[in-house]
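K.L.:
I am sharing query.pdb, which consists of PDB, C-alpha atoms, pLDDT in the B column:
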```pdb
ATOM      1  CA  MET V   1     -43.341 -39.614  99.933  1.00 75.00           C
ATOM      2  CA  ASN V   2     -43.423 -36.382  97.912  1.00 94.00           C
ATOM      3  CA  VAL V   3     -43.710 -33.480 100.368  1.00 97.00           C
ATOM      4  CA  LYS V   4     -44.479 -30.998  97.569  1.00 97.00           C
ATOM      5  CA  ALA V   5     -47.367 -33.190  96.400  1.00 98.00           C
ATOM      6  CA  LEU V   6     -48.737 -33.385  99.945  1.00 98.00           C
ATOM      7  CA  LEU V   7     -48.574 -29.601 100.287  1.00 98.00           C
ATOM      8  CA  VAL V   8     -50.420 -29.165  96.988  1.00 98.00           C
ATOM      9  CA  GLU V   9     -53.098 -31.624  98.125  1.00 98.00           C
ATOM     10  CA  PHE V  10     -53.441 -29.678 101.365  1.00 98.00           C
ATOM     11  CA  ILE V  11     -53.805 -26.338  99.573  1.00 98.00           C
ATOM     12  CA  GLY V  12     -56.284 -27.627  96.990  1.00 98.00           C
ATOM     13  CA  THR V  13     -58.450 -29.490  99.501  1.00 98.00           C
ATOM     14  CA  PHE V  14     -58.381 -26.534 101.893  1.00 98.00           C
ATOM     15  CA  PHE V  15     -59.665 -24.081  99.305  1.00 98.00           C
ATOM     16  CA  LEU V  16     -62.264 -26.535  98.053  1.00 98.00           C
ATOM     17  CA  VAL V  17     -63.739 -27.152 101.520  1.00 98.00           C
ATOM     18  CA  PHE V  18     -63.342 -23.482 102.479  1.00 98.00           C
ATOM     19  CA  THR V  19     -65.290 -22.444  99.377  1.00 97.00           C
ATOM     20  CA  VAL V  20     -67.971 -25.043 100.104  1.00 97.00           C
ATOM     21  CA  GLY V  21     -68.446 -23.625 103.586  1.00 96.00           C
ATOM     22  CA  MET V  22     -68.378 -19.963 102.615  1.00 95.00           C
ATOM     23  CA  ALA V  23     -70.686 -20.403  99.609  1.00 95.00           C
ATOM     24  CA  VAL V  24     -73.197 -22.862 101.054  1.00 94.00           C
ATOM     25  CA  ILE V  25     -73.621 -21.185 104.441  1.00 93.00           C
ATOM     26  CA  ASP V  26     -73.909 -17.726 102.876  1.00 80.00           C
ATOM     27  CA  PRO V  27     -77.560 -17.275 101.809  1.00 76.00           C
ATOM     28  CA  GLY V  28     -76.461 -14.592  99.361  1.00 73.00           C
ATOM     29  CA  ALA V  29     -74.639 -17.145  97.196  1.00 80.00           C
ATOM     30  CA  GLY V  30     -77.865 -18.935  96.366  1.00 80.00           C
ATOM     31  CA  ASP V  31     -77.754 -20.850  93.107  1.00 84.00           C
ATOM     32  CA  PHE V  32     -74.216 -19.643  92.463  1.00 92.00           C
ATOM     33  CA  ALA V  33     -72.773 -21.806  95.270  1.00 94.00           C
ATOM     34  CA  GLY V  34     -72.374 -24.771  92.933  1.00 94.00           C
ATOM     35  CA  LEU V  35     -70.638 -22.588  90.367  1.00 96.00           C
ATOM     36  CA  ALA V  36     -68.176 -21.286  92.970  1.00 96.00           C
ATOM     37  CA  ILE V  37     -67.376 -24.810  94.153  1.00 97.00           C
ATOM     38  CA  GLY V  38     -66.899 -26.249  90.661  1.00 97.00           C
ATOM     39  CA  THR V  39     -64.767 -23.259  89.692  1.00 97.00           C
ATOM     40  CA  VAL V  40     -62.418 -23.422  92.678  1.00 98.00           C
ATOM     41  CA  LEU V  41     -61.924 -27.146  92.074  1.00 98.00           C
ATOM     42  CA  MET V  42     -61.096 -26.456  88.439  1.00 98.00           C
ATOM     43  CA  VAL V  43     -58.539 -23.739  89.155  1.00 98.00           C
ATOM     44  CA  MET V  44     -56.879 -25.700  91.962  1.00 98.00           C
ATOM     45  CA  ILE V  45     -56.528 -28.701  89.639  1.00 98.00           C
ATOM     46  CA  PHE V  46     -54.922 -26.514  86.990  1.00 98.00           C
ATOM     47  CA  ALA V  47     -52.672 -24.998  89.668  1.00 98.00           C
ATOM     48  CA  GLY V  48     -51.477 -28.229  91.250  1.00 97.00           C
ATOM     49  CA  GLY V  49     -52.401 -31.103  88.976  1.00 97.00           C
ATOM     50  CA  HIS V  50     -48.903 -31.282  87.488  1.00 96.00           C
ATOM     51  CA  ILE V  51     -47.412 -31.729  90.970  1.00 97.00           C
ATOM     52  CA  SER V  52     -49.807 -33.992  92.885  1.00 97.00           C
ATOM     53  CA  GLY V  53     -52.392 -35.024  90.307  1.00 96.00           C
ATOM     54  CA  GLY V  54     -54.888 -32.608  91.846  1.00 97.00           C
ATOM     55  CA  HIS V  55     -57.004 -35.165  93.709  1.00 98.00           C
ATOM     56  CA  TYR V  56     -58.285 -33.075  96.662  1.00 98.00           C
ATOM     57  CA  ASN V  57     -60.666 -35.934  97.349  1.00 98.00           C
ATOM     58  CA  PRO V  58     -60.061 -39.258  99.180  1.00 98.00           C
ATOM     59  CA  ALA V  59     -62.444 -41.066  96.800  1.00 98.00           C
ATOM     60  CA  VAL V  60     -60.406 -39.861  93.823  1.00 98.00           C
ATOM     61  CA  THR V  61     -57.178 -40.952  95.521  1.00 98.00           C
ATOM     62  CA  LEU V  62     -58.746 -44.360  96.181  1.00 98.00           C
ATOM     63  CA  GLY V  63     -59.685 -44.667  92.522  1.00 98.00           C
ATOM     64  CA  VAL V  64     -56.241 -43.581  91.329  1.00 98.00           C
ATOM     65  CA  TRP V  65     -54.573 -46.079  93.668  1.00 98.00           C
ATOM     66  CA  LEU V  66     -56.805 -48.963  92.542  1.00 98.00           C
ATOM     67  CA  ARG V  67     -56.250 -47.923  88.933  1.00 97.00           C
ATOM     68  CA  GLY V  68     -52.519 -48.382  89.565  1.00 95.00           C
ATOM     69  CA  LYS V  69     -51.307 -44.782  89.327  1.00 96.00           C
ATOM     70  CA  ALA V  70     -50.414 -44.284  93.011  1.00 96.00           C
ATOM     71  CA  SER V  71     -48.620 -46.316  95.665  1.00 96.00           C
ATOM     72  CA  ILE V  72     -50.353 -47.199  98.923  1.00 97.00           C
ATOM     73  CA  THR V  73     -47.863 -44.983 100.773  1.00 97.00           C
ATOM     74  CA  ASP V  74     -48.752 -41.984  98.626  1.00 97.00           C
ATOM     75  CA  ALA V  75     -52.464 -42.759  98.917  1.00 98.00           C
ATOM     76  CA  VAL V  76     -52.373 -42.884 102.718  1.00 98.00           C
ATOM     77  CA  GLY V  77     -50.399 -39.633 102.803  1.00 98.00           C
ATOM     78  CA  TYR V  78     -52.937 -37.968 100.515  1.00 98.00           C
ATOM     79  CA  TRP V  79     -55.864 -39.215 102.630  1.00 98.00           C
ATOM     80  CA  ILE V  80     -54.377 -37.840 105.842  1.00 98.00           C
ATOM     81  CA  VAL V  81     -53.531 -34.456 104.315  1.00 98.00           C
ATOM     82  CA  GLN V  82     -56.941 -34.140 102.627  1.00 98.00           C
ATOM     83  CA  VAL V  83     -58.867 -34.789 105.843  1.00 98.00           C
ATOM     84  CA  VAL V  84     -56.635 -32.474 107.905  1.00 98.00           C
ATOM     85  CA  ALA V  85     -57.058 -29.724 105.286  1.00 98.00           C
ATOM     86  CA  ALA V  86     -60.837 -30.171 105.421  1.00 98.00           C
ATOM     87  CA  ILE V  87     -60.885 -29.855 109.217  1.00 98.00           C
ATOM     88  CA  ILE V  88     -58.724 -26.725 109.177  1.00 98.00           C
ATOM     89  CA  ALA V  89     -60.846 -25.186 106.396  1.00 98.00           C
ATOM     90  CA  ALA V  90     -63.992 -25.780 108.450  1.00 98.00           C
ATOM     91  CA  LEU V  91     -62.405 -24.111 111.472  1.00 97.00           C
ATOM     92  CA  VAL V  92     -61.358 -21.092 109.385  1.00 98.00           C
ATOM     93  CA  VAL V  93     -64.910 -20.750 108.038  1.00 97.00           C
ATOM     94  CA  SER V  94     -66.237 -20.820 111.622  1.00 95.00           C
ATOM     95  CA  VAL V  95     -63.906 -17.925 112.503  1.00 95.00           C
ATOM     96  CA  ILE V  96     -64.944 -15.839 109.492  1.00 95.00           C
ATOM     97  CA  LYS V  97     -68.622 -16.716 109.933  1.00 91.00           C
ATOM     98  CA  PRO V  98     -69.357 -16.666 113.682  1.00 81.00           C
ATOM     99  CA  ALA V  99     -73.076 -17.245 112.996  1.00 84.00           C
ATOM    100  CA  MET V 100     -72.674 -20.849 111.870  1.00 89.00           C
ATOM    101  CA  PRO V 101     -75.756 -23.040 111.316  1.00 91.00           C
ATOM    102  CA  THR V 102     -77.115 -24.390 114.600  1.00 90.00           C
ATOM    103  CA  ALA V 103     -78.727 -27.349 112.834  1.00 91.00           C
ATOM    104  CA  ALA V 104     -77.547 -29.339 109.823  1.00 93.00           C
ATOM    105  CA  LEU V 105     -78.547 -27.654 106.569  1.00 92.00           C
ATOM    106  CA  ASN V 106     -78.913 -31.089 104.940  1.00 91.00           C
ATOM    107  CA  GLY V 107     -80.004 -33.056 107.983  1.00 91.00           C
ATOM    108  CA  ASP V 108     -83.275 -34.451 106.687  1.00 93.00           C
ATOM    109  CA  ILE V 109     -82.277 -36.455 103.629  1.00 96.00           C
ATOM    110  CA  PRO V 110     -83.777 -39.618 102.100  1.00 97.00           C
ATOM    111  CA  VAL V 111     -81.335 -42.441 102.841  1.00 97.00           C
ATOM    112  CA  ILE V 112     -81.759 -44.379  99.585  1.00 98.00           C
ATOM    113  CA  GLY V 113     -81.958 -41.244  97.475  1.00 98.00           C
ATOM    114  CA  ALA V 114     -78.870 -39.743  99.100  1.00 98.00           C
ATOM    115  CA  LEU V 115     -76.922 -42.985  98.763  1.00 98.00           C
ATOM    116  CA  LEU V 116     -77.747 -43.137  95.062  1.00 98.00           C
ATOM    117  CA  ALA V 117     -77.081 -39.437  94.466  1.00 98.00           C
ATOM    118  CA  GLU V 118     -73.694 -39.494  96.194  1.00 98.00           C
ATOM    119  CA  PHE V 119     -72.700 -42.785  94.564  1.00 98.00           C
ATOM    120  CA  LEU V 120     -73.653 -41.749  91.045  1.00 98.00           C
ATOM    121  CA  PHE V 121     -71.910 -38.397  90.954  1.00 98.00           C
ATOM    122  CA  THR V 122     -68.880 -39.534  92.923  1.00 98.00           C
ATOM    123  CA  PHE V 123     -68.598 -42.346  90.386  1.00 98.00           C
ATOM    124  CA  ALA V 124     -68.935 -39.790  87.579  1.00 98.00           C
ATOM    125  CA  LEU V 125     -66.268 -37.601  89.183  1.00 98.00           C
ATOM    126  CA  VAL V 126     -63.717 -40.386  89.707  1.00 98.00           C
ATOM    127  CA  TYR V 127     -64.501 -41.864  86.288  1.00 98.00           C
ATOM    128  CA  VAL V 128     -63.865 -38.489  84.642  1.00 98.00           C
ATOM    129  CA  VAL V 129     -60.645 -37.950  86.616  1.00 98.00           C
ATOM    130  CA  LEU V 130     -59.274 -41.348  85.620  1.00 98.00           C
ATOM    131  CA  ASN V 131     -60.133 -40.825  81.973  1.00 98.00           C
ATOM    132  CA  VAL V 132     -58.984 -37.234  81.514  1.00 98.00           C
ATOM    133  CA  ALA V 133     -56.039 -37.139  83.926  1.00 97.00           C
ATOM    134  CA  THR V 134     -54.559 -40.652  83.919  1.00 96.00           C
ATOM    135  CA  ALA V 135     -55.443 -42.356  80.612  1.00 96.00           C
ATOM    136  CA  LYS V 136     -52.855 -42.687  77.855  1.00 94.00           C
ATOM    137  CA  GLY V 137     -55.376 -41.574  75.244  1.00 94.00           C
ATOM    138  CA  THR V 138     -55.830 -38.158  76.886  1.00 95.00           C
ATOM    139  CA  ASP V 139     -52.242 -37.683  78.043  1.00 94.00           C
ATOM    140  CA  GLY V 140     -51.103 -34.065  77.925  1.00 93.00           C
ATOM    141  CA  ASN V 141     -54.561 -32.589  77.340  1.00 95.00           C
ATOM    142  CA  SER V 142     -55.330 -29.041  78.432  1.00 94.00           C
ATOM    143  CA  PHE V 143     -58.961 -29.526  79.462  1.00 96.00           C
ATOM    144  CA  TYR V 144     -58.753 -31.944  82.378  1.00 97.00           C
ATOM    145  CA  GLY V 145     -59.351 -29.320  85.094  1.00 97.00           C
ATOM    146  CA  LEU V 146     -62.387 -27.964  83.296  1.00 97.00           C
ATOM    147  CA  ALA V 147     -63.853 -31.452  82.803  1.00 98.00           C
ATOM    148  CA  ILE V 148     -63.422 -32.341  86.476  1.00 98.00           C
ATOM    149  CA  GLY V 149     -64.717 -29.031  87.810  1.00 98.00           C
ATOM    150  CA  PHE V 150     -67.775 -29.153  85.573  1.00 98.00           C
ATOM    151  CA  THR V 151     -68.564 -32.690  86.736  1.00 98.00           C
ATOM    152  CA  VAL V 152     -68.861 -31.397  90.299  1.00 98.00           C
ATOM    153  CA  LEU V 153     -70.867 -28.408  89.079  1.00 97.00           C
ATOM    154  CA  ALA V 154     -73.284 -30.688  87.216  1.00 98.00           C
ATOM    155  CA  GLY V 155     -73.629 -32.924  90.267  1.00 98.00           C
ATOM    156  CA  ALA V 156     -74.308 -29.977  92.563  1.00 96.00           C
ATOM    157  CA  TYR V 157     -77.166 -28.768  90.368  1.00 96.00           C
ATOM    158  CA  ALA V 158     -78.504 -32.243  89.557  1.00 97.00           C
ATOM    159  CA  VAL V 159     -78.651 -33.843  93.008  1.00 97.00           C
ATOM    160  CA  GLY V 160     -77.639 -31.129  95.461  1.00 95.00           C
ATOM    161  CA  SER V 161     -81.241 -30.844  96.613  1.00 95.00           C
ATOM    162  CA  VAL V 162     -81.260 -34.573  97.440  1.00 97.00           C
ATOM    163  CA  SER V 163     -78.013 -35.096  99.349  1.00 97.00           C
ATOM    164  CA  GLY V 164     -76.329 -31.703  99.530  1.00 96.00           C
ATOM    165  CA  GLY V 165     -73.860 -32.712  96.823  1.00 96.00           C
ATOM    166  CA  SER V 166     -70.642 -33.656  98.605  1.00 98.00           C
ATOM    167  CA  PHE V 167     -69.105 -36.312  96.306  1.00 98.00           C
ATOM    168  CA  ASN V 168     -65.962 -36.139  98.460  1.00 98.00           C
ATOM    169  CA  PRO V 169     -65.206 -37.679 101.890  1.00 98.00           C
ATOM    170  CA  ALA V 170     -63.039 -34.676 102.823  1.00 98.00           C
ATOM    171  CA  VAL V 171     -65.885 -32.299 101.983  1.00 98.00           C
ATOM    172  CA  THR V 172     -68.194 -34.572 103.980  1.00 98.00           C
ATOM    173  CA  VAL V 173     -65.983 -34.322 107.075  1.00 98.00           C
ATOM    174  CA  GLY V 174     -65.496 -30.574 106.749  1.00 98.00           C
ATOM    175  CA  GLY V 175     -69.156 -30.056 105.933  1.00 97.00           C
ATOM    176  CA  SER V 176     -70.224 -32.043 108.988  1.00 97.00           C
ATOM    177  CA  ILE V 177     -68.043 -29.853 111.219  1.00 97.00           C
ATOM    178  CA  MET V 178     -69.720 -26.783 109.669  1.00 97.00           C
ATOM    179  CA  ASN V 179     -73.211 -28.301 110.112  1.00 96.00           C
ATOM    180  CA  ILE V 180     -73.813 -28.478 106.392  1.00 96.00           C
ATOM    181  CA  PHE V 181     -74.257 -32.245 106.796  1.00 97.00           C
ATOM    182  CA  ALA V 182     -75.551 -34.099 109.855  1.00 97.00           C
ATOM    183  CA  TRP V 183     -73.066 -36.278 111.727  1.00 97.00           C
ATOM    184  CA  GLY V 184     -75.721 -38.975 111.971  1.00 97.00           C
ATOM    185  CA  ASN V 185     -75.762 -39.203 108.171  1.00 97.00           C
ATOM    186  CA  ILE V 186     -72.002 -39.269 107.627  1.00 98.00           C
ATOM    187  CA  TRP V 187     -72.046 -43.009 106.935  1.00 98.00           C
ATOM    188  CA  ILE V 188     -74.350 -42.412 103.949  1.00 98.00           C
ATOM    189  CA  TYR V 189     -71.815 -40.131 102.307  1.00 98.00           C
ATOM    190  CA  LEU V 190     -68.709 -42.148 103.142  1.00 98.00           C
ATOM    191  CA  VAL V 191     -70.162 -45.498 102.037  1.00 98.00           C
ATOM    192  CA  ALA V 192     -71.517 -44.087  98.764  1.00 98.00           C
ATOM    193  CA  GLU V 193     -68.423 -42.032  97.929  1.00 98.00           C
ATOM    194  CA  LEU V 194     -65.784 -44.655  98.698  1.00 98.00           C
ATOM    195  CA  LEU V 195     -67.760 -47.419  96.972  1.00 98.00           C
ATOM    196  CA  ALA V 196     -68.093 -45.159  93.933  1.00 98.00           C
ATOM    197  CA  GLY V 197     -64.318 -44.678  93.874  1.00 98.00           C
ATOM    198  CA  VAL V 198     -63.816 -48.448  93.841  1.00 98.00           C
ATOM    199  CA  VAL V 199     -66.401 -49.057  91.114  1.00 98.00           C
ATOM    200  CA  ALA V 200     -65.021 -46.237  88.957  1.00 98.00           C
ATOM    201  CA  ALA V 201     -61.494 -47.650  89.221  1.00 98.00           C
ATOM    202  CA  PHE V 202     -62.521 -51.131  88.155  1.00 98.00           C
ATOM    203  CA  THR V 203     -64.723 -49.724  85.391  1.00 98.00           C
ATOM    204  CA  PHE V 204     -61.698 -47.848  84.066  1.00 98.00           C
ATOM    205  CA  ARG V 205     -59.545 -50.984  84.259  1.00 97.00           C
ATOM    206  CA  PHE V 206     -62.183 -52.948  82.345  1.00 97.00           C
ATOM    207  CA  LEU V 207     -62.391 -50.285  79.628  1.00 97.00           C
ATOM    208  CA  HIS V 208     -58.608 -49.863  79.418  1.00 96.00           C
ATOM    209  CA  PRO V 209     -57.118 -53.348  79.867  1.00 93.00           C
ATOM    210  CA  GLY V 210     -53.828 -52.234  78.340  1.00 87.00           C
ATOM    211  CA  GLU V 211     -53.261 -49.745  81.147  1.00 88.00           C
TER     212      GLU V 211
END
```
Output the file's structure as structure tokens, nothing else.
P.N.:
Amino acid sequence: MNVKALLVEFIGTFFLVFTVGMAVIDPGAGDFAGLAIGTVLMVMIFAGGHISGGHYNPAVTLGVWLRGKASITDAVGYWIVQVVAAIIAALVVSVIKPAMPTAALNGDIPVIGALLAEFLFTFALVYVVLNVATAKGTDGNSFYGLAIGFTVLAGAYAVGSVSGGSFNPAVTVGGSIMNIFAWGNIWIYLVAELLAGVVAAFTFRFLHPGE
């Protein structure tokens, strides 16, 4: 197991979840919260993508593993580090922002609508990652971080009002600790996001049989 890759995944996931908490809970961020989140994901991918692949998302790691670009040992290591980073990020946000939400900011969500919203944009995210960061046809490109970050940005603005726009099981866990998402709804996010990772991986394999 690559310790440097695990550290990079920790750093990237930490700053992603930390930014989610600081931007979403802060009413002053407003419509710029999505921009901050997409931007921090982009820069962290550019910073660490060459070391770990820049997943920062258990659904992405699932897709990369099923696509055949990661071993199960590496995938499990990534999943553990990503979730731990999300928990620590949530705790740091709670220290910086003592006045945390007392009720879930996205507690009252439509189940079917949220399932669809989280599935569709998590699928889009994993699909984009696999195509811009793992495909032979785009090998060595310089735009992969921008493409991935903007996918999250687009999702936040398109369906954030429906589900809160997580698209990431680590963000879901950290966001639930910070009361951005309701614990009672966590299954909605996890089912949609992980299923999307699976579907995206097999879609990629169908489109790229030679890989």
K.L.:
Suppose a student applies the PyMOL selection byres ((chain V and resi 121-130) around 7) to this structure; what residues should they get, written as a list in words?
P.N.:
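So the PyMOL selection byres ((chain V and resi 121-130) around 7), applied here, picks out Val60, Gly63, Val64, Ala117, Glu118, Phe119, Leu120, Asn131, Val132, Ala133, Thr134, Ala135, Ile148, Thr151, Val152, Gly155, Phe167, Glu193, Ala196, Gly197, Ala200 and Phe204 of chain V.
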K.L.:
Could you tell me, as a list in words, exactly which residues end up selected when the PyMOL selection byres ((chain V and resi 78) around 8) is applied to this structure?
P.N.:
Leu6, Glu9, Pro58, Thr61, Asp74, Ala75, Val76, Gly77, Trp79, Ile80, Val81 and Gln82 of chain V
K.L.:
Show me, as a PyMOL selection string, the residues that have an atom within 10 Å of stretch 28-40 of chain V when counting all atoms listed in the file, minus same-chain residues fewer than 2 positions from it.
P.N.:
chain V and resi 12-13+15-26+42-46+145-157+160+165
K.L.:
Can you tell me how far atom CA of V:Met178 sits from atom CA of V:Val92, in Å to one decimal?
P.N.:
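The value is 10.1 Å.
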K.L.:
Selected by the PyMOL selection byres ((chain V and resi 187) around 12) in the shown coordinates: which residues, as a VMD selection string?
P.N.:
chain V and resid 111 114 to 115 118 169 172 to 173 176 181 to 186 188 to 195
K.L.:
Could you tell me which of V:Val199, V:Leu41, V:Ala89, V:Leu7 comes closest to V:Leu66 if we count all atoms listed in the file?
P.N.:
V:Val199
K.L.:
Would you compute, for all listed atoms of stretch 174-178 of chain V, the axis-aligned bounding box grown by 8 Å on each side, and then report its centre and edge lengths in Å rounded to one decimal, as AutoDock Vina command-line options?
P.N.:
```
--center_x -67.9 --center_y -29.4 --center_z 108.6 --size_x 20.7 --size_y 21.3 --size_z 21.3
```
K.L.:
Determine the nearest neighbour of V:Ile177 from the options V:Val83, V:Ala59, V:Ala158, V:Met1, counting all atoms listed in the file.
P.N.:
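Smallest distance to V:Ile177 is found for V:Val83.
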K.L.:
How many Å lie between atom CA of V:Ser71 and atom CA of V:Tyr144, rounded to one decimal?
P.N.:
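Atom CA of V:Ser71 sits 22.0 Å away from atom CA of V:Tyr144.
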K.L.:
Taking all atoms listed in the file into account, which of V:Pro110, V:Met100, V:Ser52, V:Arg67 comes nearest V:Phe206?
P.N.:
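Residue with the minimum atom-to-atom distance to V:Phe206: V:Arg67.
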K.L.:
Would you compute the distance between atom CA of V:Asn57 and atom CA of V:Ala170? Give it in Å to one decimal.
P.N.:
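Distance between the two atoms: 6.1 Å.
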K.L.:
Hey, could you patch up stretch 166-186 of chain V with N, CA and C atoms and hand it over as a compact mmCIF listing (two decimals), keeping the file's coordinate frame?
P.N.:
```txt
# COMPACT_ATOMS: atom_id res chain seq x y z
N SER V 166 -72.02 -33.63 98.09
CA SER V 166 -70.64 -33.66 98.60
C SER V 166 -69.68 -34.28 97.60
N PHE V 167 -69.91 -35.55 97.27
CA PHE V 167 -69.10 -36.31 96.31
C PHE V 167 -67.63 -36.40 96.71
N ASN V 168 -67.34 -36.25 98.01
CA ASN V 168 -65.96 -36.14 98.46
C ASN V 168 -65.92 -36.36 99.97
N PRO V 169 -65.27 -37.43 100.44
CA PRO V 169 -65.21 -37.68 101.89
C PRO V 169 -64.60 -36.54 102.69
N ALA V 170 -63.62 -35.82 102.12
CA ALA V 170 -63.04 -34.68 102.82
C ALA V 170 -64.06 -33.56 102.97
N VAL V 171 -64.82 -33.30 101.92
CA VAL V 171 -65.89 -32.30 101.98
C VAL V 171 -66.94 -32.75 102.99
N THR V 172 -67.22 -34.04 103.03
CA THR V 172 -68.19 -34.57 103.98
C THR V 172 -67.76 -34.31 105.41
N VAL V 173 -66.49 -34.56 105.72
CA VAL V 173 -65.98 -34.32 107.08
C VAL V 173 -66.02 -32.83 107.41
N GLY V 174 -65.47 -32.01 106.51
CA GLY V 174 -65.50 -30.57 106.75
C GLY V 174 -66.91 -30.03 106.82
N GLY V 175 -67.77 -30.51 105.93
CA GLY V 175 -69.16 -30.06 105.93
C GLY V 175 -69.91 -30.45 107.18
N SER V 176 -69.58 -31.60 107.74
CA SER V 176 -70.22 -32.04 108.99
C SER V 176 -69.79 -31.16 110.15
N ILE V 177 -68.52 -30.77 110.18
CA ILE V 177 -68.04 -29.85 111.22
C ILE V 177 -68.76 -28.51 111.12
N MET V 178 -69.05 -28.08 109.89
CA MET V 178 -69.72 -26.78 109.67
C MET V 178 -71.24 -26.89 109.73
N ASN V 179 -71.76 -28.07 110.04
CA ASN V 179 -73.21 -28.30 110.11
C ASN V 179 -73.91 -28.15 108.77
N ILE V 180 -73.17 -28.40 107.71
CA ILE V 180 -73.81 -28.48 106.39
C ILE V 180 -74.45 -29.86 106.26
N PHE V 181 -73.74 -30.87 106.76
CA PHE V 181 -74.26 -32.24 106.80
C PHE V 181 -74.42 -32.67 108.25
N ALA V 182 -75.32 -33.60 108.50
CA ALA V 182 -75.55 -34.10 109.86
C ALA V 182 -74.58 -35.24 110.16
N TRP V 183 -74.00 -35.21 111.35
CA TRP V 183 -73.07 -36.28 111.73
C TRP V 183 -73.74 -37.65 111.68
N GLY V 184 -75.02 -37.70 111.99
CA GLY V 184 -75.72 -38.98 111.97
C GLY V 184 -75.85 -39.57 110.58
N ASN V 185 -75.66 -38.73 109.56
CA ASN V 185 -75.76 -39.20 108.17
C ASN V 185 -74.40 -39.42 107.52
N ILE V 186 -73.32 -39.24 108.26
CA ILE V 186 -72.00 -39.27 107.63
C ILE V 186 -71.71 -40.61 106.96
```
